[in-house]
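**Student:** Data: entry.txt, compact mmCIF, C-alpha atoms.
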```
# COMPACT_ATOMS: atom_id res chain seq x y z
CA MET A 1 115.15 117.67 77.74
CA GLN A 2 113.48 114.84 75.86
CA PHE A 3 111.19 112.37 77.61
CA LYS A 4 112.19 108.92 76.33
CA LEU A 5 108.91 107.02 76.05
CA GLY A 6 109.09 103.33 75.24
CA LEU A 7 106.00 102.02 73.46
CA ILE A 8 104.90 98.42 72.89
CA VAL A 9 101.55 97.60 71.30
CA ASN A 10 100.30 94.03 71.22
CA PRO A 11 98.37 94.12 67.90
CA VAL A 12 96.25 91.08 68.75
CA ALA A 13 95.37 92.03 72.32
CA GLY A 14 91.65 91.80 73.02
CA LEU A 15 90.78 90.20 69.69
CA GLY A 16 88.96 87.31 71.30
CA GLY A 17 86.67 89.42 73.46
CA SER A 18 84.09 90.57 70.94
CA VAL A 19 83.74 87.08 69.44
CA ALA A 20 83.35 85.35 72.82
CA LEU A 21 86.75 83.62 72.82
CA LYS A 22 87.55 85.15 76.23
CA GLY A 23 91.08 86.17 75.31
CA SER A 24 93.69 85.98 72.59
CA ASP A 25 96.33 83.73 74.18
CA GLY A 26 97.56 80.89 72.03
CA ALA A 27 98.92 80.68 68.50
CA ASP A 28 95.58 79.97 66.81
CA THR A 29 93.21 82.11 68.88
CA ALA A 30 94.01 85.44 67.22
CA ALA A 31 93.62 83.96 63.74
CA LYS A 32 90.31 82.38 64.74
CA ALA A 33 89.10 85.69 66.19
CA LEU A 34 89.94 87.52 62.97
CA SER A 35 88.14 84.87 60.93
CA LEU A 36 85.06 85.45 63.09
CA GLY A 37 85.11 89.16 62.31
CA ALA A 38 86.99 90.55 65.32
CA GLU A 39 88.41 94.04 64.86
CA PRO A 40 91.87 94.89 66.23
CA LEU A 41 91.46 97.64 68.81
CA SER A 42 94.79 97.88 70.64
CA ASN A 43 96.22 100.59 68.36
CA LYS A 44 93.02 102.61 68.63
CA ARG A 45 93.25 102.45 72.41
CA THR A 46 96.92 103.39 72.25
CA ALA A 47 95.96 106.42 70.16
CA MET A 48 93.53 107.50 72.89
CA ALA A 49 96.42 107.52 75.38
CA LEU A 50 98.90 109.24 73.09
CA THR A 51 96.39 111.92 72.09
CA GLN A 52 96.67 113.25 75.65
CA LEU A 53 100.34 113.93 74.92
CA LEU A 54 99.95 115.86 71.66
CA PRO A 55 100.59 119.25 73.33
CA TYR A 56 103.99 117.93 74.47
CA GLN A 57 105.20 116.39 71.20
CA SER A 58 108.35 118.52 71.08
CA GLN A 59 109.39 117.08 74.46
CA ILE A 60 108.86 113.40 73.62
CA THR A 61 110.76 110.81 71.61
CA ILE A 62 108.96 107.48 71.24
CA TYR A 63 111.09 104.34 71.04
CA THR A 64 109.07 101.47 69.66
CA ALA A 65 108.81 98.40 67.44
CA SER A 66 107.96 98.59 63.77
CA GLY A 67 104.54 98.55 62.18
CA GLU A 68 101.54 97.62 64.28
CA MET A 69 103.62 97.20 67.42
CA GLY A 70 103.83 100.97 67.81
CA GLU A 71 105.56 102.67 64.91
CA ARG A 72 102.48 103.23 62.77
CA ILE A 73 100.30 104.87 65.39
CA ALA A 74 103.14 106.98 66.81
CA LYS A 75 104.03 108.37 63.39
CA GLU A 76 100.40 108.90 62.39
CA LEU A 77 100.00 111.13 65.44
CA GLY A 78 103.13 113.06 64.54
CA PHE A 79 105.49 111.98 67.30
CA LYS A 80 109.25 111.82 66.82
CA THR A 81 109.76 108.08 66.56
CA GLU A 82 112.76 105.75 66.67
CA VAL A 83 112.24 102.11 65.68
CA ILE A 84 114.33 99.84 67.91
CA TYR A 85 112.90 96.46 66.85
CA GLN A 86 111.72 95.08 63.51
CA ALA A 87 108.54 93.13 64.16
CA PRO A 88 107.19 90.44 61.82
CA ALA A 89 103.81 90.76 60.14
CA THR A 90 102.35 88.27 62.62
CA THR A 91 103.58 88.97 66.12
CA THR A 92 104.01 86.62 69.08
CA PRO A 93 104.71 87.03 72.79
CA GLU A 94 108.39 86.56 71.97
CA ASP A 95 108.28 89.80 69.95
CA THR A 96 106.89 91.66 72.96
CA GLU A 97 109.71 90.31 75.11
CA ALA A 98 112.35 91.14 72.50
CA ALA A 99 111.11 94.73 72.17
CA ALA A 100 111.01 95.10 75.96
CA GLN A 101 114.58 93.84 76.24
CA ILE A 102 115.82 96.47 73.79
CA LEU A 103 113.85 99.24 75.51
CA LYS A 104 115.43 98.18 78.80
CA SER A 105 118.90 98.54 77.27
CA GLN A 106 117.92 101.96 75.87
CA SER A 107 117.18 103.21 79.43
CA VAL A 108 113.85 104.73 78.46
CA ASP A 109 112.09 106.78 81.13
CA LEU A 110 108.88 104.75 80.95
CA ILE A 111 107.49 101.83 78.96
CA LEU A 112 103.89 102.41 77.90
CA PHE A 113 102.31 99.22 76.60
CA ALA A 114 98.93 98.26 75.25
CA GLY A 115 97.56 94.80 75.84
CA GLY A 116 96.11 92.55 78.49
CA ASP A 117 97.43 90.41 81.30
CA GLY A 118 99.37 88.19 78.90
CA THR A 119 101.22 91.22 77.56
CA ALA A 120 101.97 92.38 81.10
CA ARG A 121 103.39 88.93 81.87
CA ASN A 122 105.70 89.10 78.85
CA ILE A 123 107.02 92.52 79.79
CA CYS A 124 107.40 91.59 83.47
CA ALA A 125 109.49 88.58 82.51
CA VAL A 126 112.03 90.96 80.96
CA VAL A 127 112.01 94.23 82.89
CA GLU A 128 110.66 93.16 86.32
CA ASP A 129 111.02 96.30 88.47
CA SER A 130 114.02 97.82 86.64
CA ILE A 131 111.97 100.35 84.62
CA ALA A 132 108.69 102.09 85.31
CA VAL A 133 105.87 100.76 83.14
CA LEU A 134 102.24 101.62 82.55
CA GLY A 135 99.61 99.60 80.75
CA VAL A 136 96.96 100.87 78.36
CA PRO A 137 94.03 98.46 78.87
CA ALA A 138 93.40 96.73 75.54
CA GLY A 139 93.03 93.05 76.37
CA CYS A 140 90.17 90.80 77.45
CA LYS A 141 91.78 90.12 80.83
CA ILE A 142 92.83 93.09 82.96
CA HIS A 143 93.46 91.61 86.40
CA SER A 144 96.95 93.08 86.83
CA GLY A 145 97.54 96.24 88.81
CA VAL A 146 99.88 97.68 86.18
CA TYR A 147 97.11 99.16 84.03
CA ALA A 148 95.56 102.58 84.05
CA ILE A 149 91.80 102.57 84.48
CA THR A 150 91.30 103.86 80.91
CA PRO A 151 93.54 104.66 77.93
CA LYS A 152 93.04 108.40 78.54
CA ALA A 153 94.04 107.93 82.17
CA ALA A 154 97.29 106.32 81.01
CA GLY A 155 98.02 109.35 78.87
CA ARG A 156 97.22 111.65 81.75
CA VAL A 157 99.77 109.95 84.04
CA VAL A 158 102.49 110.33 81.39
CA GLU A 159 101.46 113.97 80.99
CA MET A 160 101.97 114.49 84.73
CA LEU A 161 105.51 113.16 84.41
CA ILE A 162 106.34 115.43 81.50
CA LYS A 163 104.92 118.47 83.31
CA GLY A 164 107.11 117.77 86.30
CA GLU A 165 104.30 116.90 88.69
CA LEU A 166 105.14 114.51 91.50
CA VAL A 167 104.19 110.99 90.51
CA THR A 168 104.59 108.19 93.03
CA LEU A 169 106.09 104.87 91.90
CA SER A 170 104.28 101.86 93.35
CA GLU A 171 104.84 98.14 93.11
CA ALA A 172 101.92 96.48 91.35
CA ASP A 173 101.17 92.80 90.88
CA VAL A 174 101.13 91.15 87.48
CA MET A 175 98.28 88.64 87.44
CA ASP A 176 96.87 86.37 84.80
CA ILE A 177 94.31 83.62 84.55
CA ASP A 178 94.34 80.33 82.69
CA GLU A 179 92.34 81.09 79.53
CA ALA A 180 91.66 77.46 78.75
CA ALA A 181 90.14 76.94 82.19
CA PHE A 182 88.32 80.27 81.92
CA ARG A 183 86.63 79.14 78.70
CA GLU A 184 85.38 76.16 80.70
CA GLY A 185 83.96 78.44 83.38
CA THR A 186 86.80 78.18 85.92
CA VAL A 187 88.72 81.24 87.08
CA ARG A 188 92.24 80.24 88.04
CA ALA A 189 94.39 83.31 88.74
CA LYS A 190 98.12 83.34 89.39
CA ARG A 191 100.62 86.03 90.37
CA TYR A 192 103.58 86.24 88.01
CA GLY A 193 105.59 89.06 89.57
CA GLU A 194 105.46 92.79 90.09
CA MET A 195 106.51 95.91 88.25
CA GLN A 196 107.02 99.56 89.14
CA VAL A 197 104.05 101.66 88.05
CA PRO A 198 103.62 105.46 88.22
CA CYS A 199 100.41 106.63 89.83
CA GLU A 200 99.01 109.88 91.12
CA LEU A 201 100.71 111.36 94.16
CA ARG A 202 99.53 110.12 97.51
CA TYR A 203 101.01 110.29 100.98
CA VAL A 204 101.48 107.12 102.97
CA GLN A 205 99.54 107.05 106.21
CA SER A 206 102.61 107.06 108.48
CA VAL A 207 103.75 110.48 107.26
CA LYS A 208 100.42 112.19 106.71
CA ASN A 209 99.64 115.12 108.95
CA GLY A 210 96.81 117.37 107.85
CA GLY A 211 97.66 116.69 104.22
CA LYS A 212 101.31 117.70 104.69
CA GLU A 213 104.46 115.80 105.45
CA SER A 214 105.94 115.77 108.92
CA ASP A 215 109.65 116.33 108.19
CA GLU A 216 110.86 114.34 111.18
CA LEU A 217 108.73 111.30 110.33
CA VAL A 218 109.51 111.47 106.63
CA LEU A 219 113.27 111.69 107.18
CA SER A 220 113.04 108.75 109.57
CA ASP A 221 111.10 106.74 106.97
CA ILE A 222 113.61 107.59 104.22
CA ALA A 223 116.53 106.65 106.46
CA ALA A 224 114.95 103.36 107.53
CA TRP A 225 114.28 102.34 103.93
CA VAL A 226 117.77 103.22 102.64
CA ILE A 227 119.39 101.36 105.52
CA SER A 228 117.18 98.30 104.96
CA GLN A 229 118.42 98.11 101.36
CA MET A 230 122.14 98.37 102.16
CA GLU A 231 124.29 95.34 101.33
CA SER A 232 127.26 94.38 103.52
CA ASP A 233 129.54 93.73 100.51
CA GLU A 234 128.99 97.22 99.09
CA GLN A 235 130.20 100.58 100.30
CA TYR A 236 128.19 103.77 100.22
CA ILE A 237 129.38 107.29 99.59
CA MET A 238 127.18 109.56 101.70
CA GLY A 239 126.80 113.02 100.16
CA SER A 240 126.07 116.40 101.68
CA GLY A 241 122.76 117.69 102.98
CA SER A 242 120.31 117.23 105.81
CA THR A 243 118.39 114.33 104.23
CA VAL A 244 121.56 112.25 103.92
CA ALA A 245 122.54 113.40 107.41
CA ALA A 246 119.30 111.85 108.70
CA ILE A 247 120.43 108.48 107.35
CA MET A 248 123.77 108.82 109.10
CA GLU A 249 122.00 109.79 112.32
CA GLU A 250 119.75 106.73 112.07
CA LEU A 251 122.91 104.63 111.73
CA GLY A 252 124.42 106.33 114.78
CA LEU A 253 127.43 107.53 112.77
CA ASP A 254 129.23 110.86 112.78
CA ASN A 255 128.32 112.87 109.71
CA THR A 256 130.06 115.61 107.78
CA LEU A 257 127.07 117.79 106.92
CA LEU A 258 128.95 119.84 104.31
CA GLY A 259 131.27 117.04 103.25
CA VAL A 260 131.28 113.49 101.93
CA ASP A 261 131.69 110.34 104.05
CA LEU A 262 132.13 106.65 103.23
CA ILE A 263 130.46 103.73 105.02
CA GLN A 264 130.36 99.95 104.70
CA ASP A 265 128.46 97.37 106.71
CA GLN A 266 126.87 100.33 108.53
CA GLN A 267 130.26 101.47 109.82
CA LEU A 268 132.13 104.69 109.04
CA ILE A 269 135.30 103.94 107.06
CA GLY A 270 136.10 107.39 105.68
CA GLN A 271 135.13 110.90 106.76
CA ASP A 272 135.15 114.27 104.96
CA MET A 273 136.89 112.66 102.00
CA THR A 274 138.53 114.39 99.05
CA ALA A 275 137.83 113.64 95.40
CA GLN A 276 141.08 111.68 95.07
CA GLN A 277 140.46 109.69 98.25
CA LEU A 278 137.05 108.69 96.97
CA LEU A 279 138.47 107.56 93.61
CA SER A 280 141.04 105.40 95.39
CA ALA A 281 138.37 103.93 97.71
CA ILE A 282 136.10 102.67 94.92
CA GLU A 283 138.77 100.84 92.90
CA HIS A 284 138.12 97.39 94.34
CA THR A 285 134.73 97.56 96.09
CA PRO A 286 131.24 97.92 94.57
CA THR A 287 130.02 101.37 95.52
CA LYS A 288 126.76 103.27 95.56
CA LEU A 289 126.28 107.00 95.98
CA VAL A 290 123.61 108.46 98.26
CA ILE A 291 122.76 112.10 97.47
CA THR A 292 120.00 114.63 97.89
CA LEU A 293 119.23 118.00 96.36
CA ILE A 294 121.37 120.89 97.59
CA GLY A 295 120.30 124.52 97.41
CA GLY A 296 117.04 126.16 96.45
CA GLN A 297 117.37 125.43 92.75
CA GLY A 298 117.46 121.66 93.16
CA HIS A 299 121.10 120.86 92.36
CA ILE A 300 122.08 117.24 92.87
CA PHE A 301 125.63 117.81 91.62
CA GLY A 302 127.67 121.00 91.54
CA ARG A 303 126.59 122.63 94.79
CA GLY A 304 128.22 121.62 98.06
CA ASN A 305 129.48 118.25 96.79
CA GLN A 306 132.33 119.05 94.39
CA GLN A 307 134.21 116.09 95.88
CA LEU A 308 131.94 114.01 93.64
CA SER A 309 134.02 114.46 90.51
CA PRO A 310 132.86 113.56 86.98
CA THR A 311 135.35 110.68 86.98
CA LEU A 312 133.90 109.34 90.23
CA ILE A 313 130.29 109.67 89.06
CA ARG A 314 131.09 107.88 85.79
CA SER A 315 132.87 105.09 87.65
CA ILE A 316 129.93 104.55 90.01
CA GLY A 317 127.32 104.72 87.22
CA LYS A 318 123.92 106.36 87.05
CA GLU A 319 122.24 103.09 88.03
CA ASN A 320 124.06 103.14 91.39
CA ILE A 321 122.99 106.64 92.41
CA ILE A 322 120.50 106.63 95.29
CA LEU A 323 118.59 109.91 95.27
CA VAL A 324 116.67 110.85 98.42
CA ALA A 325 114.39 113.83 99.13
CA THR A 326 111.14 114.69 100.83
CA LYS A 327 108.11 115.38 98.67
CA THR A 328 107.88 118.80 100.32
CA LYS A 329 111.30 119.76 98.94
CA LEU A 330 110.44 118.43 95.50
CA LYS A 331 107.12 120.27 95.42
CA ALA A 332 108.94 123.49 96.35
CA LEU A 333 110.68 123.30 92.95
CA ASN A 334 107.29 123.93 91.28
CA GLY A 335 107.98 121.43 88.53
CA ARG A 336 111.51 122.63 87.72
CA PRO A 337 113.89 119.75 87.05
CA LEU A 338 116.69 118.79 89.37
CA ILE A 339 120.03 120.06 88.08
CA ALA A 340 123.21 118.12 87.33
CA ASP A 341 126.08 120.62 87.05
CA THR A 342 129.14 118.40 87.33
CA GLY A 343 131.39 120.59 85.20
CA ASP A 344 131.35 117.97 82.45
CA ALA A 345 128.68 118.79 79.84
CA GLU A 346 128.65 115.28 78.38
CA LEU A 347 128.14 113.71 81.80
CA ASP A 348 125.41 116.24 82.64
CA GLU A 349 123.59 115.14 79.50
CA GLN A 350 123.97 111.46 80.43
CA LEU A 351 122.54 112.12 83.89
CA SER A 352 119.49 113.91 82.54
CA GLY A 353 116.17 112.13 82.29
CA TYR A 354 113.84 110.72 84.91
CA LEU A 355 115.17 109.18 88.11
CA LYS A 356 113.51 107.41 91.00
CA VAL A 357 113.67 109.49 94.16
CA ILE A 358 113.22 107.78 97.52
CA THR A 359 110.63 109.86 99.38
CA GLY A 360 109.66 107.54 102.22
CA TYR A 361 109.68 103.93 103.36
CA ASN A 362 109.42 101.91 100.12
CA ASP A 363 107.95 105.06 98.59
CA TYR A 364 109.29 106.65 95.43
CA VAL A 365 108.46 109.33 92.93
CA MET A 366 109.77 109.83 89.42
CA TYR A 367 111.36 113.22 88.90
CA ALA A 368 113.13 114.92 86.02
CA VAL A 369 116.84 115.67 86.10
CA GLY A 370 118.11 118.34 83.72
CA HIS A 371 121.36 120.20 83.32
CA GLN A 372 122.55 123.75 82.86
CA ASP A 373 122.96 124.83 79.23
```
Output the file's structure as structure tokens, nothing else.

**Tutor:**
Amino acid sequence: MQFKLGLIVNPVAGLGGSVALKGSDGADTAAKALSLGAEPLSNKRTAMALTQLLPYQSQITIYTASGEMGERIAKELGFKTEVIYQAPATTTPEDTEAAAQILKSQSVDLILFAGGDGTARNICAVVEDSIAVLGVPAGCKIHSGVYAITPKAAGRVVEMLIKGELVTLSEADVMDIDEAAFREGTVRAKRYGEMQVPCELRYVQSVKNGGKESDELVLSDIAAWVISQMESDEQYIMGSGSTVAAIMEELGLDNTLLGVDLIQDQQLIGQDMTAQQLLSAIEHTPTKLVITLIGGQGHIFGRGNQQLSPTLIRSIGKENIILVATKTKLKALNGRPLIADTGDAELDEQLSGYLKVITGYNDYVMYAVGHQD
């Protein structure tokens, strides 16, 4: 299974720092910095992050923009590289946004980007919280929470993902300051949004008990979060398993532990449904699918939920699958990927990759989904 790594390098990030321009925002600042002898460093810092991933090259495909926006450094380091955007010789923030838009449509597992707060703003404007991102610090201003503490640290987090270690997804603020005011000695910061950022595993205080999860509390947290996100104009197919059963219990609804139920507006509208009944039910109403892993090998499809047919899964769409599990269950897999075994090899391949797994109240991890060969 290939890890699809999006890569965006802002070639002019940080240029103004060494020549006391306090940033590189603005059409003329980068040119002025270069004329003063500034040396571009963003690709060097990107290389420091990617070097951490050299042992995993066979497992990674890098999707990036041409030339200095990522292609050159990725190929120099020997990574399999696909160019998804042709960048001009002199890049602008609009090129960053254009590359991010294409990476979003490519459904990459993570966007790794090198730059400063201005670069983070550009990417946030396009992807918001739809894709996990991680910044390689390369700019003069690093006030945003979307950056790793060092380039090597950024590479280490990506390595954790590839190795199948549990990596929590957190919401982090995108901040920036007014460079013109900063050059006059005034710090004027502003929040521009937030993005989903992978970070090292940590347990939230409400479910911590001697360093281990309390199953009852965790299941309650998962249930509360899923319910809080439910929309009244959508219906939800509730799959098999005890974690999904906890959501039904929190709703006060009867649950078919080894079957599939259907709810809308927090009311039960179908119980122990067949594959054909489910297909008929989703024809005219937006539908999401709530599932968990079934069995000791981590199956999400193909064990105990055969009512979820390939046709149904395709109709609902990967983006509408809500995957729930405790971190304890995920850790018990010892890094093995979750398994999609729908009976349709093409669909299994489409489902593979990295998915967000709800593991608590507003708490997620990224975890790999594979398929049986």

**Student:** Excluding Gln101 in chain A and its own-chain neighbours fewer than 2 positions away, which residues fall within 12 Å of it when counting all atoms listed in the file? Please give them as a list in words.

**Tutor:**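 Here the answer would be Gly6, Ile8, Thr64, Ala65, Ile84, Tyr85, Glu94, Asp95, Thr96, Glu97, Ala98, Ala99, Leu103, Lys104, Ser105, Gln106, Ser107, Val108, Ile111, Asn122, Ile123, Cys124, Ala125, Val126, Val127, Glu128, Ser130 and Ile131 of chain A.
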
**Student:** Go through A:Ala332, A:Val290, A:Met1, A:Ala345 one by one, measure the shortest atom-to-atom distance of each to Pro310 in chain A using all atoms listed in the file, and give the residue with the smallest value.

**Tutor:**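 Once distances to Pro310 in chain A are computed over all atoms listed in the file, the minimum belongs to A:Ala345.
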
**Student:** How many Å separate CA of Gly302 in chain A from CA of Tyr236 in chain A?

**Tutor:**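 Value for the CA of Gly302 in chain A-CA of Tyr236 in chain A distance: 19.3 Å.
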
**Student:** Show which residues sit within 12 Å of Asn10 in chain A, as a ChimeraX atom specification. Count only C-alpha atoms, and ignore same-chain residues fewer than 4 positions away.

**Tutor:** /A:14-15,24-25,30,40-46,64-71,87,90-97,99-100,112-120,122-123,135-139

**Student:** How about saving the chosen residues, C-alpha atoms kept, as a PDB file, in the frame of the given file?

**Tutor:**
```pdb
ATOM      1  CA  GLY A  14      91.650  91.800  73.020  1.00  0.00           C
ATOM      2  CA  LEU A  15      90.780  90.200  69.690  1.00  0.00           C
ATOM      3  CA  SER A  24      93.690  85.980  72.590  1.00  0.00           C
ATOM      4  CA  ASP A  25      96.330  83.730  74.180  1.00  0.00           C
ATOM      5  CA  ALA A  30      94.010  85.440  67.220  1.00  0.00           C
ATOM      6  CA  PRO A  40      91.870  94.890  66.230  1.00  0.00           C
ATOM      7  CA  LEU A  41      91.460  97.640  68.810  1.00  0.00           C
ATOM      8  CA  SER A  42      94.790  97.880  70.640  1.00  0.00           C
ATOM      9  CA  ASN A  43      96.220 100.590  68.360  1.00  0.00           C
ATOM     10  CA  LYS A  44      93.020 102.610  68.630  1.00  0.00           C
ATOM     11  CA  ARG A  45      93.250 102.450  72.410  1.00  0.00           C
ATOM     12  CA  THR A  46      96.920 103.390  72.250  1.00  0.00           C
ATOM     13  CA  THR A  64     109.070 101.470  69.660  1.00  0.00           C
ATOM     14  CA  ALA A  65     108.810  98.400  67.440  1.00  0.00           C
ATOM     15  CA  SER A  66     107.960  98.590  63.770  1.00  0.00           C
ATOM     16  CA  GLY A  67     104.540  98.550  62.180  1.00  0.00           C
ATOM     17  CA  GLU A  68     101.540  97.620  64.280  1.00  0.00           C
ATOM     18  CA  MET A  69     103.620  97.200  67.420  1.00  0.00           C
ATOM     19  CA  GLY A  70     103.830 100.970  67.810  1.00  0.00           C
ATOM     20  CA  GLU A  71     105.560 102.670  64.910  1.00  0.00           C
ATOM     21  CA  ALA A  87     108.540  93.130  64.160  1.00  0.00           C
ATOM     22  CA  THR A  90     102.350  88.270  62.620  1.00  0.00           C
ATOM     23  CA  THR A  91     103.580  88.970  66.120  1.00  0.00           C
ATOM     24  CA  THR A  92     104.010  86.620  69.080  1.00  0.00           C
ATOM     25  CA  PRO A  93     104.710  87.030  72.790  1.00  0.00           C
ATOM     26  CA  GLU A  94     108.390  86.560  71.970  1.00  0.00           C
ATOM     27  CA  ASP A  95     108.280  89.800  69.950  1.00  0.00           C
ATOM     28  CA  THR A  96     106.890  91.660  72.960  1.00  0.00           C
ATOM     29  CA  GLU A  97     109.710  90.310  75.110  1.00  0.00           C
ATOM     30  CA  ALA A  99     111.110  94.730  72.170  1.00  0.00           C
ATOM     31  CA  ALA A 100     111.010  95.100  75.960  1.00  0.00           C
ATOM     32  CA  LEU A 112     103.890 102.410  77.900  1.00  0.00           C
ATOM     33  CA  PHE A 113     102.310  99.220  76.600  1.00  0.00           C
ATOM     34  CA  ALA A 114      98.930  98.260  75.250  1.00  0.00           C
ATOM     35  CA  GLY A 115      97.560  94.800  75.840  1.00  0.00           C
ATOM     36  CA  GLY A 116      96.110  92.550  78.490  1.00  0.00           C
ATOM     37  CA  ASP A 117      97.430  90.410  81.300  1.00  0.00           C
ATOM     38  CA  GLY A 118      99.370  88.190  78.900  1.00  0.00           C
ATOM     39  CA  THR A 119     101.220  91.220  77.560  1.00  0.00           C
ATOM     40  CA  ALA A 120     101.970  92.380  81.100  1.00  0.00           C
ATOM     41  CA  ASN A 122     105.700  89.100  78.850  1.00  0.00           C
ATOM     42  CA  ILE A 123     107.020  92.520  79.790  1.00  0.00           C
ATOM     43  CA  GLY A 135      99.610  99.600  80.750  1.00  0.00           C
ATOM     44  CA  VAL A 136      96.960 100.870  78.360  1.00  0.00           C
ATOM     45  CA  PRO A 137      94.030  98.460  78.870  1.00  0.00           C
ATOM     46  CA  ALA A 138      93.400  96.730  75.540  1.00  0.00           C
ATOM     47  CA  GLY A 139      93.030  93.050  76.370  1.00  0.00           C
TER      48      GLY A 139
END
```

**Student:** Suppose you want the space between CA of Gly370 in chain A and CA of Lys327 in chain A; what is it in Å?

**Tutor:**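 CA of Lys327 in chain A lies at a distance of 18.2 Å from CA of Gly370 in chain A.
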
**Student:** For range 142-159 of chain A, work out the shell of residues within 10 Å, counting all atoms listed in the file and skipping chain neighbours fewer than 4 positions away, then give it as number ranges by chain.

**Tutor:** A: 3, 5, 44-56, 110, 112-118, 120-121, 132-138, 163-165, 167, 170-177, 189-200

**Student:** Could you tell me which of A:Tyr63, A:Phe79, A:Tyr367, A:Tyr361 comes closest to Arg336 in chain A if we count all atoms listed in the file?

**Tutor:**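 Smallest distance to Arg336 in chain A is found for A:Tyr367.
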
**Student:** Could you tell me how far CA of Leu268 in chain A sits from CA of Ile227 in chain A, in Å to one decimal place?

**Tutor:**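 CA of Leu268 in chain A lies 13.6 Å from CA of Ile227 in chain A.
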
**Student:** So, counting all atoms listed in the file, which residue among A:Leu279, A:Met248, A:Leu338, A:Val9 is closest to Leu351 in chain A?

**Tutor:**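 Residue with the minimum atom-to-atom distance to Leu351 in chain A: A:Leu338.
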
**Student:** Determine the nearest neighbour of Gly241 in chain A from the options A:Thr256, A:Gln277, A:Thr311, A:Asn362, counting only C-alpha atoms.

**Tutor:**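 Looking at the shortest contact to Gly241 in chain A, the residue is A:Thr256.
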
**Student:** Could you tell me which of A:Gly298, A:Gly239, A:Pro286, A:Gly353 comes closest to Gln59 in chain A if we count only C-alpha atoms?

**Tutor:**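 For Gln59 in chain A, the nearest of the candidates is A:Gly353.
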
**Student:** Of the candidates A:Leu293, A:Thr326, A:Lys288, A:Asn334, which one gets nearest to Arg314 in chain A if we count only C-alpha atoms?

**Tutor:**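 Among the listed residues, A:Lys288 lies closest to Arg314 in chain A.
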
**Student:** How big is the axis-aligned box around all listed atoms of range 324-338 of chain A once 6 Å goes on each side, and where's its centre, in Å to one decimal, as lines of an AutoDock Vina configuration file?

**Tutor:**
```
center_x = 111.9
center_y = 117.4
center_z = 93.9
size_x = 21.6
size_y = 25.1
size_z = 25.8
```
